[in-house]
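Step one of this worksheet: look at the structure below.
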Amino acid sequence: MKFSLAVYSAPHSSQSAASALRFARALLAEGHELHRVFFYCDGVHNGSALAAPPQDEPDLLGAWQALQAEHGLDLVVCIAAAQRRGVLSESEARRLERPAANLAEGFELAGLGQLADAVAQSDRLVTFGG
Amino acid sequence: MAKRFLALCRQAPYGNALAREGLEAVLAASALEQVPDLLFCGDGVFQLLPEQSPAGIEQKSLQRNLQALPVFGIETAYVCERSLAQRGLDLGMLASGGPELRPVSDTGKLIAGYHSVLNF
Amino acid sequence: MSLHIVSKSPFSSTALADCLAAFSEGDALLLIEDGVYALSGRMSESPAVRPVYCLESDARARGLEIPGAVEAIDDARWVALCTEHNPIVSWFK
């Protein structure tokens with residue numbers, strides 16, 4: 001079955017982003033397809049390359065990147081929500097004249113249409129918020 | 001046939017960003033001709049109050065987005081009757097000029113009729 | 001029918017109450033994260049719908065007993081529940 005996930009919560013603030021990662025791992029382990037993970041609202045912070053949690057705490061960014069590399073996941077960060085919150089690719093940082101870019105490898109910025117598209121293309125949409 | 005989906009809006013405006021970002025997602029989907037239905041439930045019904053004037057808190061009015069919905073093909077929106085009653089509101093007290101508001105008593109039955117739900 | 005996923009404590013949020021008001025015959029309720037506090041103490045008879053599932057890891061993490069009327073599940077079963085139900089409604093605030 002084809003799943004997509006919508007993630008609205010920042011990593012390391014609430015449990016929800018970690019739950020999304022767990023659910024993604026579990027569905028892939030069960031042989032399902034993960035069509036897209038769409039990071040929206042505060043969820044865009046999951047795509048920040050600058051997160052540096054202490055070594056004895058879970059590394060959510062590294063875990064998403066490892067899952068992306070293994071399964072070729074489509075990890076999409078909403079561009080409008082990301083601009084507001086300061087998650088920028090190299091080209092966006094240049095275009096908006098900001099001093100640095102921080103979009104992590106394995107993630108891409110795209111428009112809200114990708115969320116509607118994920119709904120249309122998937123058998124199941126699961127939202128992780130709060 | 002396109003899969004039917006419902007945007008379930010449960011957040012009051014201004015206090016957190018989800019009400020606004022939810023409506024933005026609805027408008028973006030509609031612009032791509034994937035028009036969701038809308039259900040306002042819980043504190044989400046507060047989005048529909050008339051005469052919101054958020055200039056004093058330096059925010060953009062959410063009502064402009066709501067009024068734009070019919071332009072994007074969303075002619076009607078569902079409103080949870082129970083949520084209104086809990087908050088001392090009725091349909092007549094809500095803003096006009098946006099989509100036609102249709103009261104729903106059995107939200108569970110409504111929700112179960114959709115392929116997907118976007119939660120905001 | 002719908003799978004309702006509640007992730008907030010019923011003592012701090014209306015998520016569970018709103019969910020139960022939108023619960024239909026044939027739906028299922030899954031408690032995750034702080035949603036498992038619906039099982040706290042002697043409240044374990046509620047919520048008054050069936051079936052109720054809870055993520056065992058979230059309940060154990062919080063030191064909660066899982067009453068017999070509630071089915072404790074692992075992540076694989078969580079995925080299976082999502083394949084068995086549609087749509088999936090998340091109540092997270």
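The chains in the structure tokens are called A, B, ... from first to last as shown; in each chain the residues are counted from 1, and the ligands are counted from 1 in the order shown.
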Within 12 Å of chain A, which residues of chain B show up when using only C-alpha atoms, listed as a PyMOL selection string?
chain B and resi 1-8+11+16-36+114-120
Got a sec: who's within 10 Å of C:Leu64, counting only C-alpha atoms, leaving out chain neighbours fewer than 3 positions off, as a PyMOL selection string?
chain C and resi 36-41+56+58-61+67
Create the file for the chosen residues now, containing N, CA and C atoms and written as a PDB file, in the first residue's frame.
ATOM      1  N   VAL C  36      -2.116   8.439  25.480  1.00  0.00           N
ATOM      2  CA  VAL C  36      -2.258   7.249  26.323  1.00  0.00           C
ATOM      3  C   VAL C  36      -2.655   7.597  27.761  1.00  0.00           C
ATOM      4  N   TYR C  37      -2.529   8.880  28.151  1.00  0.00           N
ATOM      5  CA  TYR C  37      -2.958   9.247  29.506  1.00  0.00           C
ATOM      6  C   TYR C  37      -4.468   9.096  29.706  1.00  0.00           C
ATOM      7  N   ALA C  38      -5.204   8.861  28.632  1.00  0.00           N
ATOM      8  CA  ALA C  38      -6.631   8.511  28.774  1.00  0.00           C
ATOM      9  C   ALA C  38      -6.783   7.222  29.569  1.00  0.00           C
ATOM     10  N   LEU C  39      -5.699   6.446  29.682  1.00  0.00           N
ATOM     11  CA  LEU C  39      -5.740   5.178  30.407  1.00  0.00           C
ATOM     12  C   LEU C  39      -5.290   5.332  31.848  1.00  0.00           C
ATOM     13  N   SER C  40      -5.110   6.567  32.326  1.00  0.00           N
ATOM     14  CA  SER C  40      -4.472   6.743  33.626  1.00  0.00           C
ATOM     15  C   SER C  40      -5.363   6.306  34.789  1.00  0.00           C
ATOM     16  N   GLY C  41      -4.760   5.848  35.840  1.00  0.00           N
ATOM     17  CA  GLY C  41      -5.438   5.534  37.091  1.00  0.00           C
ATOM     18  C   GLY C  41      -6.673   4.683  36.919  1.00  0.00           C
ATOM     19  N   GLU C  56       1.878   0.373  22.741  1.00  0.00           N
ATOM     20  CA  GLU C  56       2.415  -0.176  23.979  1.00  0.00           C
ATOM     21  C   GLU C  56       3.669   0.579  24.416  1.00  0.00           C
ATOM     22  N   ASP C  58       4.446   3.680  23.986  1.00  0.00           N
ATOM     23  CA  ASP C  58       4.118   4.982  24.567  1.00  0.00           C
ATOM     24  C   ASP C  58       3.541   4.832  25.977  1.00  0.00           C
ATOM     25  N   ALA C  59       2.706   3.814  26.191  1.00  0.00           N
ATOM     26  CA  ALA C  59       2.140   3.591  27.529  1.00  0.00           C
ATOM     27  C   ALA C  59       3.234   3.154  28.509  1.00  0.00           C
ATOM     28  N   ARG C  60       4.091   2.210  28.073  1.00  0.00           N
ATOM     29  CA  ARG C  60       5.180   1.734  28.945  1.00  0.00           C
ATOM     30  C   ARG C  60       6.136   2.876  29.289  1.00  0.00           C
ATOM     31  N   ALA C  61       6.419   3.706  28.292  1.00  0.00           N
ATOM     32  CA  ALA C  61       7.352   4.820  28.519  1.00  0.00           C
ATOM     33  C   ALA C  61       6.864   5.703  29.664  1.00  0.00           C
ATOM     34  N   PRO C  67      -5.285  -1.316  30.456  1.00  0.00           N
ATOM     35  CA  PRO C  67      -6.416  -2.136  30.891  1.00  0.00           C
ATOM     36  C   PRO C  67      -6.782  -3.173  29.835  1.00  0.00           C
TER      37      PRO C  67
END
Could you produce a table of the residues of chain C lying within 6 Å of chain B, with the nearest pair of atoms per residue and their separation in Å rounded to one decimal, using only C-alpha atoms, ordered by chain and increasing residue number, as a tab-separated table?
residue	atom	partner	partner_atom	distance
C:Met1	CA	B:Ala112	CA	5.6
C:Ser2	CA	B:Ala112	CA	5.6
C:Ala22	CA	B:Gly108	CA	4.0
C:Phe23	CA	B:Gly108	CA	5.1
C:Ser24	CA	B:Gly108	CA	5.1
C:Pro87	CA	B:Ser116	CA	4.9
Pull C-alpha atoms from the residues just selected and write them as a compact mmCIF listing (two decimals), in the first residue's frame.
# COMPACT_ATOMS: atom_id res chain seq x y z
CA MET C 1 -14.22 3.34 8.35
CA SER C 2 -12.03 5.93 10.02
CA ALA C 22 -16.85 12.40 15.69
CA PHE C 23 -16.61 8.66 16.29
CA SER C 24 -18.86 6.46 14.16
CA PRO C 87 -9.53 7.84 6.27
Identify, on the basis of only C-alpha atoms, every residue whose closest approach to stretch 61-74 of chain A does not exceed 8 Å; exclude the query and any residue fewer than 4 positions from it along the same chain; express the result as a list in words.
Leu21, Arg25, Leu34, His35, Arg36, Val37, Asn46, Gly47, Ser48, Ala49, Ala51, Glu105, Gly106 and Phe107 of chain A
Would you please work out which residue, of C:Leu3, C:Val49, C:Ala28, C:Phe11, is nearest to chain A when using only C-alpha atoms?
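So, comparing all the options, the nearest one is C:Leu3.
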Which chain C residues have any atom within 7 Å of an atom of chain A, and for each, what is the nearest pair of atoms with distance in Å to one decimal, counting only C-alpha atoms, rows sorted by chain and number, as a tab-separated table?
residue	atom	partner	partner_atom	distance
C:Glu33	CA	A:Gln15	CA	6.9
C:Asp75	CA	A:Ala26	CA	6.0
C:Ala76	CA	A:Ala26	CA	5.7
C:Val79	CA	A:Leu27	CA	5.7
C:Ile88	CA	A:Val126	CA	6.1
C:Ser90	CA	A:Thr127	CA	6.0
C:Phe92	CA	A:Gly130	CA	5.0
C:Lys93	CA	A:Gly130	CA	5.7
Find the residues near A:Ala93: any atom within 12 Å, counting only C-alpha atoms, skip ones fewer than 4 places away on the same chain, and give them as a compact mmCIF listing (two decimals) with N, CA and C atoms, in the first residue's frame.
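Result file selection-v2.txt:
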# COMPACT_ATOMS: atom_id res chain seq x y z
N ILE A 79 8.10 25.04 0.91
CA ILE A 79 8.97 26.20 0.70
C ILE A 79 8.44 27.45 1.41
N ALA A 82 8.94 27.08 5.12
CA ALA A 82 10.37 27.07 5.41
C ALA A 82 10.98 28.46 5.33
N GLN A 83 10.54 29.24 4.35
CA GLN A 83 11.07 30.61 4.24
C GLN A 83 10.74 31.41 5.49
N GLY A 86 13.05 30.16 8.28
CA GLY A 86 14.49 30.17 8.09
C GLY A 86 15.09 28.80 7.80
N VAL A 87 14.47 28.05 6.91
CA VAL A 87 15.10 26.83 6.39
C VAL A 87 15.23 27.05 4.87
N LEU A 88 16.46 27.30 4.43
CA LEU A 88 16.69 27.75 3.06
C LEU A 88 17.71 26.87 2.34
N SER A 89 17.44 26.64 1.06
CA SER A 89 18.44 25.99 0.21
C SER A 89 19.46 27.04 -0.23
N GLU A 97 18.67 36.82 -0.35
CA GLU A 97 19.78 37.58 0.23
C GLU A 97 19.91 37.33 1.73
N ARG A 98 19.96 36.07 2.07
CA ARG A 98 20.20 35.66 3.45
C ARG A 98 21.63 35.14 3.56
N PRO A 99 22.23 35.23 4.77
CA PRO A 99 23.67 34.97 4.87
C PRO A 99 24.07 33.49 4.82
N ALA A 100 23.11 32.58 4.92
CA ALA A 100 23.50 31.17 4.93
C ALA A 100 22.35 30.30 4.46
N ALA A 101 22.69 29.11 4.01
CA ALA A 101 21.68 28.11 3.64
C ALA A 101 21.80 26.96 4.63
N ASN A 102 20.69 26.31 4.91
CA ASN A 102 20.74 25.22 5.90
C ASN A 102 19.85 24.03 5.56
N LEU A 103 19.36 23.95 4.32
CA LEU A 103 18.54 22.79 3.98
C LEU A 103 19.43 21.55 3.93
Residues flagged alpha helix (DSSP H) by DSSP in stretch 5-62 of chain A, as a PDB file with N, CA and C atoms, in the first residue's frame:
ATOM      1  N   SER A  16       6.127  14.162  18.440  1.00  0.00           N
ATOM      2  CA  SER A  16       5.439  13.847  17.200  1.00  0.00           C
ATOM      3  C   SER A  16       6.364  13.602  15.995  1.00  0.00           C
ATOM      4  N   ALA A  17       7.426  14.388  15.865  1.00  0.00           N
ATOM      5  CA  ALA A  17       8.327  14.186  14.726  1.00  0.00           C
ATOM      6  C   ALA A  17       9.022  12.822  14.834  1.00  0.00           C
ATOM      7  N   ALA A  18       9.342  12.433  16.068  1.00  0.00           N
ATOM      8  CA  ALA A  18       9.957  11.118  16.279  1.00  0.00           C
ATOM      9  C   ALA A  18       8.960  10.000  15.983  1.00  0.00           C
ATOM     10  N   SER A  19       7.686  10.230  16.314  1.00  0.00           N
ATOM     11  CA  SER A  19       6.649   9.240  16.003  1.00  0.00           C
ATOM     12  C   SER A  19       6.531   9.044  14.496  1.00  0.00           C
ATOM     13  N   ALA A  20       6.618  10.151  13.760  1.00  0.00           N
ATOM     14  CA  ALA A  20       6.524  10.067  12.298  1.00  0.00           C
ATOM     15  C   ALA A  20       7.656   9.207  11.743  1.00  0.00           C
ATOM     16  N   LEU A  21       8.858   9.416  12.277  1.00  0.00           N
ATOM     17  CA  LEU A  21      10.012   8.624  11.835  1.00  0.00           C
ATOM     18  C   LEU A  21       9.810   7.138  12.140  1.00  0.00           C
ATOM     19  N   ARG A  22       9.319   6.861  13.362  1.00  0.00           N
ATOM     20  CA  ARG A  22       9.047   5.465  13.746  1.00  0.00           C
ATOM     21  C   ARG A  22       8.035   4.822  12.811  1.00  0.00           C
ATOM     22  N   PHE A  23       6.972   5.587  12.521  1.00  0.00           N
ATOM     23  CA  PHE A  23       5.917   5.064  11.654  1.00  0.00           C
ATOM     24  C   PHE A  23       6.456   4.827  10.246  1.00  0.00           C
ATOM     25  N   ALA A  24       7.286   5.750   9.768  1.00  0.00           N
ATOM     26  CA  ALA A  24       7.887   5.588   8.432  1.00  0.00           C
ATOM     27  C   ALA A  24       8.728   4.320   8.372  1.00  0.00           C
ATOM     28  N   ARG A  25       9.557   4.113   9.400  1.00  0.00           N
ATOM     29  CA  ARG A  25      10.387   2.897   9.448  1.00  0.00           C
ATOM     30  C   ARG A  25       9.515   1.652   9.454  1.00  0.00           C
ATOM     31  N   ALA A  26       8.451   1.701  10.269  1.00  0.00           N
ATOM     32  CA  ALA A  26       7.610   0.512  10.432  1.00  0.00           C
ATOM     33  C   ALA A  26       6.891   0.176   9.128  1.00  0.00           C
ATOM     34  N   LEU A  27       6.386   1.183   8.441  1.00  0.00           N
ATOM     35  CA  LEU A  27       5.635   0.874   7.216  1.00  0.00           C
ATOM     36  C   LEU A  27       6.573   0.342   6.136  1.00  0.00           C
ATOM     37  N   LEU A  28       7.796   0.876   6.087  1.00  0.00           N
ATOM     38  CA  LEU A  28       8.762   0.368   5.110  1.00  0.00           C
ATOM     39  C   LEU A  28       9.173  -1.067   5.456  1.00  0.00           C
ATOM     40  N   ALA A  29       9.336  -1.331   6.760  1.00  0.00           N
ATOM     41  CA  ALA A  29       9.701  -2.685   7.196  1.00  0.00           C
ATOM     42  C   ALA A  29       8.611  -3.691   6.863  1.00  0.00           C
ATOM     43  N   LEU A  60      17.497  12.774  14.936  1.00  0.00           N
ATOM     44  CA  LEU A  60      16.374  12.617  14.004  1.00  0.00           C
ATOM     45  C   LEU A  60      16.775  12.957  12.577  1.00  0.00           C
ATOM     46  N   LEU A  61      17.591  14.004  12.427  1.00  0.00           N
ATOM     47  CA  LEU A  61      17.998  14.398  11.081  1.00  0.00           C
ATOM     48  C   LEU A  61      18.773  13.263  10.410  1.00  0.00           C
ATOM     49  N   GLY A  62      19.761  12.748  11.144  1.00  0.00           N
ATOM     50  CA  GLY A  62      20.558  11.657  10.590  1.00  0.00           C
ATOM     51  C   GLY A  62      19.710  10.435  10.263  1.00  0.00           C
TER      52      GLY A  62
END
Compare C:Leu81, C:Ala48, C:Trp91, C:Gly68 by their minimum atom-to-atom distance to C:Lys8, counting only C-alpha atoms, and give me the closest one.
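The shortest atom-to-atom distance to C:Lys8 comes from C:Trp91.
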